[in-house]
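Each remark here refers to the structure printed beneath this line.
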Amino acid sequence: MRQAGRYCRFAWLRGEFGTGRLIRQWKPFGPEPPYPTGPVALFVTHSAQAEIGCHLVLDWPIPARILDLCAEYSDITSRLRAETETRKLIGFPHIDAHEKESMQQRAIQGDSWTKQEIVEMLDYCQTDVDALERLLPKMPPSITLRWALLRGRHMVGIARMERTGVLLDVPLLRRLWAEEETIKKGLADEINAKYCCYEIDRKGKPHFRSAKFWEYCRSHNIPWPSLPRRKR
């Protein structure tokens, strides 16, 4: 079984490749996901940490086999592209960026939902599920499932890190924020004493200057490697 999932804070969409079955579910969610998560099911998604984050929040079991098409596309092209760019390249319609941002902001707001808003949010989530169904067959055959599943497991680790967060020394962080400009100025002055790569504007803010850096390299016979500029 191949299945695709899409989650926001209040809605879960899931479709089965092959059967065409689609589940549109609004909160509250049950104690178990409405689909199998064992090794007989292949969970197909785009940026799996979002869906896995849902599983962690709801205390659902993690899918045993995950195929993340974002990770696979990045592996194939050796560079990360945005989801909409992936769809453009593959050659089928995608949701307008402004509409996508609007729906994301509405989900963040939460609060009460009208029946119309619930339908619109479910429709928004379904656009990604529909896109996955069209995207998977068009992915190049160079995907090796063995390594793809390993990358899918890696996305689970990323989701757990995002869920746990990073421990911070809040008083020290606030001190850094308060003294940020002073620290930057001090570091720039220290570097300039030897390399002269920064300019300080009238407000005392340092700005790195590539021309000064290259001049330093030339004057000291440093063969610093560089890539040709890409034409836009």
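Within each chain, counting starts at residue 1; across the structure tokens, chains are named A, B, ... in the order shown, with ligands numbered 1 upward in that order.
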Residues of region 87-207 of chain A classed as strand (DSSP E or B) by DSSP on the backbone are to be reported as a list in words.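 Selecting the strand (DSSP E or B) positions of region 87-207 of chain A gives Tyr198, Glu199, Ile200, Pro206 and His207 of chain A.
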Check the DSSP output for the backbone and give back, as JSON, numbers by chain, the residues of region 41-145 of chain A in alpha helix (DSSP H). {"A": [49, 50, 51, 52, 53, 54, 55, 56, 57, 58, 69, 70, 71, 72, 73, 74, 75, 76, 77, 83, 84, 85, 86, 87, 88, 89, 90, 97, 98, 99, 100, 101, 102, 103, 104, 105, 106, 107, 108, 109, 115, 116, 117, 118, 119, 120, 121, 122, 123, 124, 125, 126, 127, 128, 129, 130, 131, 132, 133, 134, 135, 136, 137, 138, 145]}
Nearest to Asp201 (chain A): which of A:Gly157, A:Ile118, A:Ala188, A:Tyr124 is it, counting only C-alpha atoms?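 Nearest candidate to Asp201 (chain A) out of A:Gly157, A:Ile118, A:Ala188, A:Tyr124: A:Ala188.
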Could you name the residues that touch Tyr195 (chain A) at 12 Å or less, counting only C-alpha atoms, but leaving out those on the same chain fewer than 5 positions away, as a list in words?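 Contacts, with the query itself left out: Leu187, Ala188, Asp189, Glu190, Phe208, Arg209, Ser210, Ala211, Lys212, Phe213, Trp214, Glu215, Tyr216, Cys217, Arg218, Ser219 and His220 of chain A.
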If we count only C-alpha atoms and set the cut-off at 12 Å, which residues sit around region 138-148 of chain A, ignoring sequence neighbours fewer than 3 positions away in its own chain? Please answer as a PyMOL selection string. chain A and resi 42-44+65-77+86-87+89-92+131-135+151-155
May I have the residues from that selection written out with C-alpha atoms, as a tab-separated table (two decimals), in the first residue's frame?
```
chain	number	residue	atom	x	y	z
A	42	LEU	CA	4.82	2.97	2.26
A	43	PHE	CA	4.15	6.45	3.62
A	44	VAL	CA	4.79	9.00	0.85
A	65	ARG	CA	8.58	3.06	5.83
A	66	ILE	CA	8.73	6.70	4.75
A	67	LEU	CA	9.43	8.00	1.25
A	68	ASP	CA	10.07	11.75	1.37
A	69	LEU	CA	9.92	13.15	-2.17
A	70	CYS	CA	11.52	16.42	-1.06
A	71	ALA	CA	14.59	14.54	0.19
A	72	GLU	CA	14.67	12.39	-2.95
A	73	TYR	CA	14.43	15.36	-5.27
A	74	SER	CA	17.24	17.04	-3.37
A	75	ASP	CA	19.33	13.91	-3.69
A	76	ILE	CA	18.66	13.65	-7.41
A	77	THR	CA	19.45	17.27	-8.20
A	86	THR	CA	9.57	21.10	-7.73
A	87	ARG	CA	6.02	21.10	-9.02
A	89	LEU	CA	9.73	21.44	-12.89
A	90	ILE	CA	7.61	18.31	-12.93
A	91	GLY	CA	4.98	20.21	-14.88
A	92	PHE	CA	1.64	20.41	-13.08
A	131	ALA	CA	0.21	16.77	-5.88
A	132	LEU	CA	2.03	13.83	-4.31
A	133	GLU	CA	-0.09	11.39	-6.29
A	134	ARG	CA	0.98	13.08	-9.52
A	135	LEU	CA	4.55	13.73	-8.44
A	151	ARG	CA	16.56	9.20	4.36
A	152	GLY	CA	12.93	8.83	5.45
A	153	ARG	CA	14.13	7.56	8.84
A	154	HIS	CA	16.44	10.56	9.04
A	155	MET	CA	13.42	12.86	8.63
```
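Residues lying within 10 Å of Gly204 (chain A), counting only C-alpha atoms and ignoring same-chain neighbours fewer than 5 positions away, are Glu181, Thr182, Lys184, Lys185 and Glu199 of chain A.
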Report, in Å to a single decimal, how far apart CA of Asp59 (chain A) and CA of Arg163 (chain A) are.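 Between CA of Arg163 (chain A) and CA of Asp59 (chain A) the gap is 12.1 Å.
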